[in-house]
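Here the structure is laid out as structure tokens; the discussion comes afterwards.
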Amino acid sequence: MMDERYRDELNQIRLTKESREDLARALAARQEQPAQRPRRRWSRTAVAAAVLAAVLVGSVGAAVVVPPVVRSYFGDSAGYRQSAVKLGESITKNGWTMTLTDCMADDYTIYLGVTLTAPEGTVLDWENGYFFDEWGSPTFPELEYGSAGTYTQLEDDDPTDNQIRFLLTSYYASYEESLHGQLMEVTLGKLFHYAGWNGNEYSYEEIYDCDETWTFRTTLNYPDHIIRLEPNVSVHTLDVDATITEVIVSPLSVYVHIEGEALKGHHSWVPKNAPDGWYGCVEYQDITLYTKDGNPIPMMDDQACSGCSGGTDPSEDGWIHLVRRPDTPLDVENLASISICGVEIPLT
């Protein structure tokens with residue numbers, strides 16, 4: 001009997017009369033296969049995707065049977081499930097299929113999984129990896145925002161097959177607008193690898209494996225397992241007293257907004273002790289989460305998409321907003337408190 005969870009998912013898909021007939025024939029064909037045929041070990045998710053592929057394969061946005069890349073990278077943890085979005089959107093061009101498998105997202109961070117499937121018989125095993133000559137962080141045409149990102153080719157369990165996987169990591173500052181429910185565009189184009197050194201050009205030779213470009217357009221909807229607080233408590237930072245006015249904690253990010261008149265002009269004194277001559281006004285603050293068992297969860301060193309106001313121009317409002325990230329997705333239901341510059345704030 002089909003798992004009720006996947007029966008519900010299938011019932012929500014709008015199919016034409018012809019598609020329903022195709023699906024019925026595909027299911028009947030599966031049932032008529034010889035019993036002695038070896039059985040593959042597929043997850044329930046893969047089985048559901050395979051059923052849908054019988055109807056949708058070959059079209060833009062079709063489901064393709066590939067494992068969720070982000071889940072395989074971070075693990076099927078509570079934090080993953082609290083922030084994950086199943087995508088399964090594919091585009092095929094000249095036998096090459098690009099699939100957005102899944103992602104974890106909130107208003108400040110997106111981890112996007114990508115699988116590229118080459119035509120049957122193609123081996124993608126270049127030891128130094130593959131690259132895209134056109135790529136970027138997922139964009140949101142209807143928003144004003146700043147972003148930074150990168151992508152990484154993940155370890156291949158079977159280098160002799162025709163698939164490679166990538167993890168896209170992107171950070172956002174969306175200027176008070178949420179990414180949730182927004183149109184998201186993702187472009188990846190022209191796969192290549194580096195070969196030998198070209199002495200005439202003083203560069204490594206680029207060998208193109210695929211000349212196609214894939215552009216996806218989809219609506220980003222992620223789960224709202226997010227803690228939002230307006231504590232309005234005093235804090236001492238950058239050698240002045242200010243107020244913590246907003247705290248947001250998701251499985252992927254921690255956002256803290258601190259404001260106060262005393263922060264105006266802070267660039268005039270913060271650089272005196274900043275490393276490497278940078279202002280450093282969003283680097284000094286120690287932010288630590290604590291679980292209900294009292295265990296600390298330190299944040300990574302990056303402060304991507306943190307920012308400030310009034311640091312140089314005292315006529316602007318004085319504030320800093322801080323973004324920190326854990327190295328693995330957080331189980332927000334197991335968090336007890338957050339410490340910001342020594343000020344502890346309950347999260348429950």
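We label chains A, B, ... in the order they appear in the structure tokens, count residues from 1 in each chain, and number ligands from 1 in the order shown.
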Within 12 Å of A:Asp125, counting only C-alpha atoms, which residues qualify if same-chain residues fewer than 3 places away don't, as an mmCIF file with C-alpha atoms, in the first residue's frame?
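To be explicit, this is the file written out as selection37.cif:
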data_model
loop_
_atom_site.group_PDB
_atom_site.id
_atom_site.type_symbol
_atom_site.label_atom_id
_atom_site.label_comp_id
_atom_site.auth_asym_id
_atom_site.auth_seq_id
_atom_site.Cartn_x
_atom_site.Cartn_y
_atom_site.Cartn_z
ATOM 1 C CA ALA A 118 25.241 14.175 -18.276
ATOM 2 C CA THR A 122 29.504 10.337 -20.083
ATOM 3 C CA ASN A 128 40.398 18.764 -9.980
ATOM 4 C CA GLY A 129 36.664 19.263 -10.300
ATOM 5 C CA TYR A 130 34.288 21.173 -12.554
ATOM 6 C CA GLN A 153 31.447 20.597 -5.947
ATOM 7 C CA GLU A 155 32.584 14.522 -3.185
ATOM 8 C CA ASP A 156 31.373 12.008 -5.739
ATOM 9 C CA ASP A 157 30.479 8.573 -4.387
ATOM 10 C CA ASP A 158 30.836 7.107 -7.899
ATOM 11 C CA PRO A 159 33.306 9.084 -10.068
ATOM 12 C CA THR A 160 32.617 6.782 -13.020
ATOM 13 C CA ASP A 161 28.956 7.731 -13.329
ATOM 14 C CA ASN A 162 27.459 10.653 -15.257
ATOM 15 C CA GLN A 163 26.441 12.816 -12.290
ATOM 16 C CA ILE A 164 28.118 15.533 -10.232
ATOM 17 C CA ARG A 165 26.682 17.512 -7.329
ATOM 18 C CA HIS A 193 37.358 22.058 -16.159
ATOM 19 C CA ASP A 209 32.350 19.905 -21.232
#
Would you mind reading off the distance between atom CA of A:Val66 and atom CA of A:Leu183, one decimal, in Å? 23.9 Å
Based on the backbone DSSP call, show me all residues of stretch 141-335 of chain A assigned strand (DSSP E or B), as a ChimeraX atom specification. /A:146-153,163-173,182-198,203-220,227-229,233-237,240-249,254-259,287-291,296-298,307-309,319-324,335
I'd like the neighbourhood of A:Leu167 as a PyMOL selection string, where a residue qualifies if any of its atoms comes within 12 Å (using only C-alpha atoms), though same-chain residues fewer than 5 positions away should be ignored. chain A and resi 68-74+99-104+110-116+137+149-155
Option closest in space to A:Asp76, from A:Thr245, A:Ser203, A:Asp331, A:Ile340 [counting only C-alpha atoms]: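 That would be A:Asp331, the residue with the smallest distance to A:Asp76.
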